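With compact mmCIF, C-alpha atoms inside, this is start35.txt:
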# COMPACT_ATOMS: atom_id res chain seq x y z
CA GLN A 1 -2.39 -49.93 -97.12
CA LYS A 2 -5.50 -48.48 -98.76
CA GLU A 3 -8.42 -50.83 -99.21
CA VAL A 4 -8.76 -49.99 -102.91
CA GLU A 5 -5.82 -48.54 -104.84
CA GLN A 6 -5.58 -46.98 -108.26
CA ASN A 7 -2.85 -45.06 -110.05
CA SER A 8 -4.08 -41.48 -110.21
CA GLY A 9 -2.56 -40.87 -113.65
CA PRO A 10 -3.08 -39.09 -115.89
CA LEU A 11 -2.90 -41.97 -118.32
CA SER A 12 -2.54 -40.65 -121.85
CA VAL A 13 -3.31 -42.81 -124.88
CA PRO A 14 -3.70 -41.92 -128.57
CA GLU A 15 -7.10 -42.16 -130.19
CA GLY A 16 -7.79 -45.72 -131.34
CA ALA A 17 -5.42 -47.33 -128.86
CA ILE A 18 -6.26 -49.64 -125.96
CA ALA A 19 -6.40 -48.00 -122.54
CA SER A 20 -5.64 -50.24 -119.58
CA LEU A 21 -6.75 -49.17 -116.11
CA ASN A 22 -5.79 -51.13 -113.04
CA CYS A 23 -7.07 -51.47 -109.49
CA THR A 24 -5.87 -53.52 -106.53
CA TYR A 25 -7.77 -54.29 -103.35
CA SER A 26 -6.73 -55.51 -99.92
CA ASP A 27 -9.70 -57.62 -98.81
CA ARG A 28 -9.20 -61.12 -100.19
CA GLY A 29 -12.83 -62.00 -99.49
CA SER A 30 -14.30 -59.28 -101.69
CA GLN A 31 -16.84 -60.57 -104.17
CA SER A 32 -18.20 -57.67 -106.23
CA PHE A 33 -16.26 -55.17 -108.32
CA PHE A 34 -17.46 -52.16 -110.24
CA TRP A 35 -16.05 -49.64 -112.69
CA TYR A 36 -17.54 -46.14 -112.84
CA ARG A 37 -16.74 -43.32 -115.24
CA GLN A 38 -16.85 -39.75 -113.98
CA TYR A 39 -16.63 -36.69 -116.19
CA SER A 40 -15.36 -33.50 -114.60
CA GLY A 41 -18.04 -31.93 -112.42
CA LYS A 42 -20.48 -34.79 -112.95
CA SER A 43 -21.56 -37.78 -110.91
CA PRO A 44 -20.18 -41.29 -111.48
CA GLU A 45 -21.92 -43.53 -113.99
CA LEU A 46 -21.66 -47.31 -113.97
CA ILE A 47 -19.70 -48.85 -116.83
CA MET A 48 -19.30 -52.47 -115.80
CA PHE A 49 -19.42 -54.88 -112.90
CA ILE A 50 -17.71 -58.23 -112.50
CA TYR A 51 -18.01 -60.96 -109.89
CA SER A 52 -16.21 -63.98 -111.32
CA ASN A 53 -12.59 -64.53 -112.19
CA GLY A 54 -11.77 -63.95 -115.81
CA ASP A 55 -12.91 -61.49 -118.44
CA LYS A 56 -16.25 -59.82 -119.04
CA GLU A 57 -16.82 -57.91 -122.24
CA ASP A 58 -19.37 -55.21 -123.04
CA GLY A 59 -18.84 -53.42 -126.32
CA ARG A 60 -15.47 -51.66 -126.26
CA PHE A 61 -15.04 -52.36 -122.55
CA THR A 62 -13.54 -55.47 -120.95
CA ALA A 63 -13.30 -55.99 -117.21
CA GLN A 64 -10.75 -58.49 -115.93
CA LEU A 65 -10.76 -59.97 -112.45
CA ASN A 66 -8.02 -61.97 -110.76
CA LYS A 67 -9.03 -62.75 -107.20
CA ALA A 68 -5.84 -64.68 -106.42
CA SER A 69 -3.75 -61.60 -107.20
CA GLN A 70 -6.43 -59.21 -105.88
CA TYR A 71 -6.64 -56.98 -108.89
CA VAL A 72 -9.30 -55.89 -111.30
CA SER A 73 -8.69 -54.06 -114.54
CA LEU A 74 -10.64 -52.25 -117.22
CA LEU A 75 -9.60 -52.29 -120.87
CA ILE A 76 -11.04 -49.76 -123.29
CA ARG A 77 -10.53 -50.70 -126.94
CA ASP A 78 -10.51 -48.17 -129.76
CA SER A 79 -10.25 -45.30 -127.28
CA GLN A 80 -12.12 -42.15 -128.23
CA PRO A 81 -11.68 -38.56 -127.02
CA SER A 82 -15.10 -38.93 -125.36
CA ASP A 83 -13.57 -41.62 -123.13
CA SER A 84 -11.44 -38.94 -121.47
CA ALA A 85 -12.65 -38.99 -117.86
CA THR A 86 -11.75 -40.30 -114.42
CA TYR A 87 -12.38 -43.99 -113.92
CA LEU A 88 -13.28 -45.13 -110.43
CA CYS A 89 -12.83 -48.67 -109.21
CA ALA A 90 -15.26 -49.72 -106.47
CA VAL A 91 -15.24 -52.86 -104.35
CA ARG A 92 -17.86 -54.34 -102.09
CA LEU A 93 -15.71 -55.46 -99.16
CA THR A 94 -16.45 -58.45 -96.96
CA GLY A 95 -18.69 -57.60 -94.04
CA GLY A 96 -19.39 -54.13 -95.39
CA GLY A 97 -23.04 -54.63 -96.16
CA ASN A 98 -24.10 -53.08 -99.44
CA LYS A 99 -21.73 -50.13 -99.35
CA LEU A 100 -18.97 -49.72 -101.91
CA THR A 101 -15.41 -48.64 -101.18
CA PHE A 102 -13.92 -46.53 -103.94
CA GLY A 103 -10.40 -45.98 -105.17
CA THR A 104 -9.22 -42.45 -105.84
CA GLY A 105 -9.67 -42.88 -109.58
CA THR A 106 -7.44 -42.85 -112.64
CA GLN A 107 -7.64 -39.91 -115.02
CA LEU A 108 -7.64 -41.02 -118.65
CA LYS A 109 -6.80 -38.65 -121.51
CA VAL A 110 -7.37 -39.80 -125.06
CA GLU A 111 -5.40 -37.63 -127.44
CA LEU A 112 -6.18 -36.91 -131.07
CA ASP B 113 -38.31 -41.84 -115.53
CA GLY B 114 -36.89 -43.45 -112.42
CA GLY B 115 -33.92 -41.84 -110.82
CA ILE B 116 -32.30 -40.03 -107.93
CA THR B 117 -32.83 -36.32 -107.50
CA GLN B 118 -30.46 -34.20 -105.47
CA SER B 119 -31.18 -30.59 -104.76
CA PRO B 120 -29.95 -27.97 -104.98
CA LYS B 121 -27.17 -28.41 -107.53
CA TYR B 122 -25.10 -25.61 -105.95
CA LEU B 123 -25.33 -24.44 -102.36
CA PHE B 124 -23.51 -21.62 -100.63
CA ARG B 125 -23.43 -21.13 -96.87
CA LYS B 126 -21.62 -19.12 -94.29
CA GLU B 127 -19.40 -20.87 -91.81
CA GLY B 128 -21.25 -21.85 -88.66
CA GLN B 129 -24.58 -22.53 -90.36
CA ASN B 130 -26.18 -25.94 -90.64
CA VAL B 131 -27.34 -26.92 -94.11
CA THR B 132 -29.51 -29.80 -95.34
CA LEU B 133 -28.99 -31.51 -98.69
CA SER B 134 -31.96 -33.24 -100.25
CA CYS B 135 -31.96 -36.68 -101.86
CA GLU B 136 -35.09 -38.31 -103.27
CA GLN B 137 -35.35 -41.53 -105.27
CA ASN B 138 -38.21 -43.21 -107.10
CA LEU B 139 -36.37 -46.42 -107.93
CA ASN B 140 -37.97 -48.25 -105.00
CA HIS B 141 -34.50 -49.03 -103.66
CA ASP B 142 -34.19 -49.98 -100.01
CA ALA B 143 -30.59 -48.86 -99.55
CA MET B 144 -29.37 -45.27 -99.79
CA TYR B 145 -25.96 -43.71 -99.30
CA TRP B 146 -24.18 -40.39 -98.94
CA TYR B 147 -20.65 -39.93 -100.25
CA ARG B 148 -18.37 -36.94 -100.24
CA GLN B 149 -15.81 -36.17 -102.94
CA ASP B 150 -13.00 -33.65 -102.65
CA PRO B 151 -11.01 -32.39 -105.67
CA GLY B 152 -8.84 -35.13 -107.13
CA GLN B 153 -10.12 -37.63 -104.59
CA GLY B 154 -12.27 -40.70 -104.63
CA LEU B 155 -15.60 -41.04 -102.89
CA ARG B 156 -15.72 -41.35 -99.13
CA LEU B 157 -18.78 -42.77 -97.38
CA ILE B 158 -20.54 -40.51 -94.87
CA TYR B 159 -23.69 -42.42 -93.92
CA TYR B 160 -25.77 -45.21 -95.36
CA SER B 161 -29.18 -46.71 -94.74
CA GLN B 162 -30.29 -50.18 -95.67
CA ILE B 163 -33.89 -49.79 -94.56
CA VAL B 164 -36.33 -47.13 -93.40
CA ASN B 165 -35.73 -45.81 -89.88
CA ASP B 166 -32.24 -47.30 -89.75
CA PHE B 167 -28.87 -45.91 -90.78
CA GLN B 168 -25.18 -46.49 -90.06
CA LYS B 169 -22.13 -44.27 -89.94
CA GLY B 170 -19.66 -44.51 -92.74
CA ASP B 171 -15.98 -43.65 -92.68
CA ILE B 172 -16.35 -39.89 -92.19
CA ALA B 173 -19.62 -39.33 -90.29
CA GLU B 174 -18.35 -36.71 -87.85
CA GLY B 175 -20.11 -33.38 -88.36
CA TYR B 176 -22.96 -34.89 -90.38
CA SER B 177 -26.42 -36.23 -89.56
CA VAL B 178 -29.09 -38.05 -91.54
CA SER B 179 -32.64 -39.32 -91.23
CA ARG B 180 -34.54 -42.01 -93.09
CA GLU B 181 -38.22 -41.56 -92.32
CA LYS B 182 -39.37 -42.55 -95.79
CA LYS B 183 -38.04 -45.07 -98.26
CA GLU B 184 -37.78 -42.40 -100.95
CA SER B 185 -35.88 -39.79 -98.97
CA PHE B 186 -32.49 -39.63 -97.26
CA PRO B 187 -31.58 -36.01 -96.38
CA LEU B 188 -28.08 -35.14 -95.17
CA THR B 189 -27.44 -32.29 -92.73
CA VAL B 190 -23.99 -30.75 -92.69
CA THR B 191 -23.57 -29.25 -89.24
CA SER B 192 -21.31 -26.48 -88.04
CA ALA B 193 -19.19 -29.17 -86.39
CA GLN B 194 -17.93 -30.36 -89.80
CA LYS B 195 -14.52 -28.74 -90.11
CA ASN B 196 -14.14 -28.79 -93.90
CA PRO B 197 -17.64 -28.95 -95.38
CA THR B 198 -16.84 -27.57 -98.84
CA ALA B 199 -17.09 -30.56 -101.19
CA PHE B 200 -19.15 -32.35 -103.82
CA TYR B 201 -21.84 -34.47 -102.15
CA LEU B 202 -23.25 -37.53 -103.89
CA CYS B 203 -26.33 -39.49 -102.95
CA ALA B 204 -26.79 -43.04 -104.22
CA SER B 205 -29.20 -45.92 -103.90
CA SER B 206 -29.19 -49.63 -104.54
CA ILE B 207 -31.17 -52.83 -104.27
CA PRO B 208 -29.99 -54.83 -101.26
CA GLY B 209 -27.74 -57.67 -102.27
CA GLY B 210 -24.05 -58.27 -102.78
CA ASN B 211 -23.99 -57.88 -106.54
CA SER B 212 -26.09 -54.76 -106.97
CA PRO B 213 -24.40 -51.57 -108.17
CA LEU B 214 -24.97 -48.09 -106.75
CA HIS B 215 -26.93 -45.56 -108.80
CA PHE B 216 -25.96 -41.95 -108.23
CA GLY B 217 -27.79 -38.66 -108.26
CA ASN B 218 -26.28 -35.62 -109.99
CA GLY B 219 -24.69 -34.31 -106.83
CA THR B 220 -24.74 -31.11 -104.79
CA ARG B 221 -21.71 -28.87 -104.73
CA LEU B 222 -21.53 -27.18 -101.32
CA THR B 223 -19.34 -24.16 -100.71
CA VAL B 224 -18.93 -22.82 -97.19
CA THR B 225 -17.12 -19.52 -96.67
Written as structure tokens, how would this file's structure read?
Amino acid sequence: QKEVEQNSGPLSVPEGAIASLNCTYSDRGSQSFFWYRQYSGKSPELIMFIYSNGDKEDGRFTAQLNKASQYVSLLIRDSQPSDSATYLCAVRLTGGGNKLTFGTGTQLKVEL
Amino acid sequence: DGGITQSPKYLFRKEGQNVTLSCEQNLNHDAMYWYRQDPGQGLRLIYYSQIVNDFQKGDIAEGYSVSREKKESFPLTVTSAQKNPTAFYLCASSIPGGNSPLHFGNGTRLTVT
């Protein structure tokens, strides 16, 4: 079992819809969770981080964390074509120091 | 502006040659990291350093070496022992602490033929 798993996609949504991206992790003791967006050929950029169970909202983005079920999700409301990118889930695993373990990413396509 | 600078952006080498990728940061971060990304893949950790003069192997350290003589700099050498060196290399830094995110440089795309 991979430590951090994501569906590779592509996930296609129409413009204006809600995009839902999911990530599961194997280490029950993990405490910190991050979502990065990566455009093709570019480096990842941080979108959101979440540490506590529940929802965290920032503009059109909402991160959801459920530690009991070991999943974290990212919702993008009012999806725009500029949101088309690969979204990487990253987890700071127990005993791993500061390093982050990344999933393979989910490709999102927002269609006009 | 504070940030992480990776150079060069593109690098081409012949098989059998060692090559060093530069990473410099002026964010005053103690921790620095090197990740590798292959097409359609996530990021895999090569080496990381939490403090000057100390570094640890990541998940795929074979064929790579690093040094951390200064807080600002964390160069990565890809040696001839690395079997598949062609990839996108990303340097990152962070403040020590469980809740701090990683900040990435713009990456170096290495092609070895």
Could you list the residues in chain A lying within 8 Å of chain B, using only C-alpha atoms, and format the result as a list in words?
-> Gln31, Ser32, Phe34, Lys42, Ser43, Pro44, Glu45, Leu46, Phe49, Tyr51, Leu88, Arg92, Gly97, Asn98, Lys99, Leu100, Thr101, Phe102, Gly103, Thr104 and Gly105 of chain A
Output of the above residues as a PDB file, keeping the file's coordinate frame, restricted to C-alpha atoms:
ATOM      1  CA  GLN A  31     -16.840 -60.570-104.170  1.00  0.00           C
ATOM      2  CA  SER A  32     -18.200 -57.670-106.230  1.00  0.00           C
ATOM      3  CA  PHE A  34     -17.460 -52.160-110.240  1.00  0.00           C
ATOM      4  CA  LYS A  42     -20.480 -34.790-112.950  1.00  0.00           C
ATOM      5  CA  SER A  43     -21.560 -37.780-110.910  1.00  0.00           C
ATOM      6  CA  PRO A  44     -20.180 -41.290-111.480  1.00  0.00           C
ATOM      7  CA  GLU A  45     -21.920 -43.530-113.990  1.00  0.00           C
ATOM      8  CA  LEU A  46     -21.660 -47.310-113.970  1.00  0.00           C
ATOM      9  CA  PHE A  49     -19.420 -54.880-112.900  1.00  0.00           C
ATOM     10  CA  TYR A  51     -18.010 -60.960-109.890  1.00  0.00           C
ATOM     11  CA  LEU A  88     -13.280 -45.130-110.430  1.00  0.00           C
ATOM     12  CA  ARG A  92     -17.860 -54.340-102.090  1.00  0.00           C
ATOM     13  CA  GLY A  97     -23.040 -54.630 -96.160  1.00  0.00           C
ATOM     14  CA  ASN A  98     -24.100 -53.080 -99.440  1.00  0.00           C
ATOM     15  CA  LYS A  99     -21.730 -50.130 -99.350  1.00  0.00           C
ATOM     16  CA  LEU A 100     -18.970 -49.720-101.910  1.00  0.00           C
ATOM     17  CA  THR A 101     -15.410 -48.640-101.180  1.00  0.00           C
ATOM     18  CA  PHE A 102     -13.920 -46.530-103.940  1.00  0.00           C
ATOM     19  CA  GLY A 103     -10.400 -45.980-105.170  1.00  0.00           C
ATOM     20  CA  THR A 104      -9.220 -42.450-105.840  1.00  0.00           C
ATOM     21  CA  GLY A 105      -9.670 -42.880-109.580  1.00  0.00           C
TER      22      GLY A 105
END
Counting all atoms listed in the file, what is within 10 Å of B:Asn165, bar same-chain residues fewer than 2 positions away, as a list of chain:residue names?
-> B:Ser161, B:Gln162, B:Ile163, B:Phe167, B:Ser179, B:Arg180, B:Glu181, B:Lys182, B:Lys183
Stretch 19-28 of chain A: axis-aligned bounding box, 6 Å on each side, centre and edge lengths in Å, one decimal, as JSON:
{"center_x": -7.7, "center_y": -54.6, "center_z": -110.7, "size_x": 16.1, "size_y": 25.1, "size_z": 35.7}
Within 10 Å of B:Val178 using all atoms listed in the file, minus same-chain residues under 3 positions, as a list in words =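 Result of the neighbour search: Thr132, Leu133, Trp146, Ile158, Tyr159, Tyr160, Ser161, Asp166, Phe167, Gln168, Lys169, Ala173, Glu181, Phe186, Pro187, Leu188, Thr189 and Val190 of chain B.
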Who sits within 8 Å of stretch 194-199 of chain B, only C-alpha atoms, same chain under 5 positions skipped, as JSON, numbers by chain = {"B": [148, 149, 150, 151, 174, 175, 176, 221, 222, 223, 224]}
Expected file: the selected residues, C-alpha atoms, as a PDB file, in the coordinates of the input:
ATOM      1  CA  ARG B 148     -18.370 -36.940-100.240  1.00  0.00           C
ATOM      2  CA  GLN B 149     -15.810 -36.170-102.940  1.00  0.00           C
ATOM      3  CA  ASP B 150     -13.000 -33.650-102.650  1.00  0.00           C
ATOM      4  CA  PRO B 151     -11.010 -32.390-105.670  1.00  0.00           C
ATOM      5  CA  GLU B 174     -18.350 -36.710 -87.850  1.00  0.00           C
ATOM      6  CA  GLY B 175     -20.110 -33.380 -88.360  1.00  0.00           C
ATOM      7  CA  TYR B 176     -22.960 -34.890 -90.380  1.00  0.00           C
ATOM      8  CA  ARG B 221     -21.710 -28.870-104.730  1.00  0.00           C
ATOM      9  CA  LEU B 222     -21.530 -27.180-101.320  1.00  0.00           C
ATOM     10  CA  THR B 223     -19.340 -24.160-100.710  1.00  0.00           C
ATOM     11  CA  VAL B 224     -18.930 -22.820 -97.190  1.00  0.00           C
TER      12      VAL B 224
END
Tell me which protein, DNA and RNA residues are within 12 Å of stretch 11-14 of chain A, counting all atoms listed in the file, leaving out same-chain ones fewer than 6 positions away, and put them as a PyMOL selection string.
-> chain A and resi 20-22+76-81+83-87+105-112
Go ahead and compute the interatomic distance for atom CA of A:Gly59 and atom CA of B:Ile116, in Å to one decimal.
-> 26.4 Å
Quote the spacing between atom CA of B:Lys121 and atom CA of B:Gln137 in Å to one decimal place.
->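 Atom CA of B:Lys121 sits 15.6 Å away from atom CA of B:Gln137.
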Pairwise distance for atom CA of A:Glu57 and atom CA of A:Cys89, rounded to one decimal in Å |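 Value for the atom CA of A:Glu57-atom CA of A:Cys89 distance: 16.5 Å.
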Starting from the incomplete input, reconstruct N, CA, C and O atoms of stretch 20-37 of chain A and write that as a tab-separated table (two decimals), keeping the file's coordinate frame.
chain	number	residue	atom	x	y	z
A	20	SER	N	-5.60	-49.21	-120.62
A	20	SER	CA	-5.64	-50.24	-119.58
A	20	SER	C	-5.59	-49.58	-118.21
A	20	SER	O	-4.64	-48.88	-117.88
A	21	LEU	N	-6.63	-49.79	-117.43
A	21	LEU	CA	-6.75	-49.17	-116.11
A	21	LEU	C	-6.74	-50.28	-115.06
A	21	LEU	O	-7.43	-51.29	-115.22
A	22	ASN	N	-5.96	-50.08	-114.02
A	22	ASN	CA	-5.79	-51.13	-113.04
A	22	ASN	C	-6.22	-50.71	-111.63
A	22	ASN	O	-6.18	-49.52	-111.29
A	23	CYS	N	-6.58	-51.71	-110.85
A	23	CYS	CA	-7.07	-51.47	-109.49
A	23	CYS	C	-6.69	-52.68	-108.64
A	23	CYS	O	-6.87	-53.82	-109.07
A	24	THR	N	-6.15	-52.43	-107.46
A	24	THR	CA	-5.87	-53.52	-106.53
A	24	THR	C	-6.67	-53.31	-105.26
A	24	THR	O	-7.02	-52.17	-104.91
A	25	TYR	N	-6.97	-54.39	-104.57
A	25	TYR	CA	-7.77	-54.29	-103.35
A	25	TYR	C	-7.17	-55.18	-102.27
A	25	TYR	O	-6.49	-56.17	-102.57
A	26	SER	N	-7.42	-54.83	-101.02
A	26	SER	CA	-6.73	-55.51	-99.92
A	26	SER	C	-7.54	-56.67	-99.32
A	26	SER	O	-6.94	-57.58	-98.74
A	27	ASP	N	-8.86	-56.62	-99.45
A	27	ASP	CA	-9.70	-57.62	-98.81
A	27	ASP	C	-9.85	-58.85	-99.72
A	27	ASP	O	-10.56	-58.80	-100.72
A	28	ARG	N	-9.21	-59.93	-99.35
A	28	ARG	CA	-9.20	-61.12	-100.19
A	28	ARG	C	-10.59	-61.72	-100.35
A	28	ARG	O	-10.87	-62.41	-101.32
A	29	GLY	N	-11.49	-61.44	-99.41
A	29	GLY	CA	-12.83	-62.00	-99.49
A	29	GLY	C	-13.81	-61.20	-100.32
A	29	GLY	O	-14.98	-61.61	-100.47
A	30	SER	N	-13.40	-60.11	-100.90
A	30	SER	CA	-14.30	-59.28	-101.69
A	30	SER	C	-14.87	-60.05	-102.87
A	30	SER	O	-14.18	-60.86	-103.49
A	31	GLN	N	-16.15	-59.77	-103.15
A	31	GLN	CA	-16.84	-60.57	-104.17
A	31	GLN	C	-17.34	-59.76	-105.36
A	31	GLN	O	-17.55	-60.32	-106.43
A	32	SER	N	-17.57	-58.47	-105.17
A	32	SER	CA	-18.20	-57.67	-106.23
A	32	SER	C	-17.33	-56.47	-106.56
A	32	SER	O	-16.86	-55.78	-105.65
A	33	PHE	N	-17.19	-56.22	-107.87
A	33	PHE	CA	-16.26	-55.17	-108.32
A	33	PHE	C	-16.92	-54.36	-109.43
A	33	PHE	O	-17.58	-54.92	-110.31
A	34	PHE	N	-16.74	-53.06	-109.35
A	34	PHE	CA	-17.46	-52.16	-110.24
A	34	PHE	C	-16.52	-51.13	-110.82
A	34	PHE	O	-15.60	-50.66	-110.14
A	35	TRP	N	-16.76	-50.75	-112.06
A	35	TRP	CA	-16.05	-49.64	-112.69
A	35	TRP	C	-17.06	-48.53	-113.02
A	35	TRP	O	-18.09	-48.79	-113.66
A	36	TYR	N	-16.74	-47.32	-112.56
A	36	TYR	CA	-17.54	-46.14	-112.84
A	36	TYR	C	-16.70	-45.15	-113.64
A	36	TYR	O	-15.50	-45.03	-113.44
A	37	ARG	N	-17.38	-44.42	-114.51
A	37	ARG	CA	-16.74	-43.32	-115.24
A	37	ARG	C	-17.30	-42.01	-114.70
A	37	ARG	O	-18.51	-41.87	-114.50
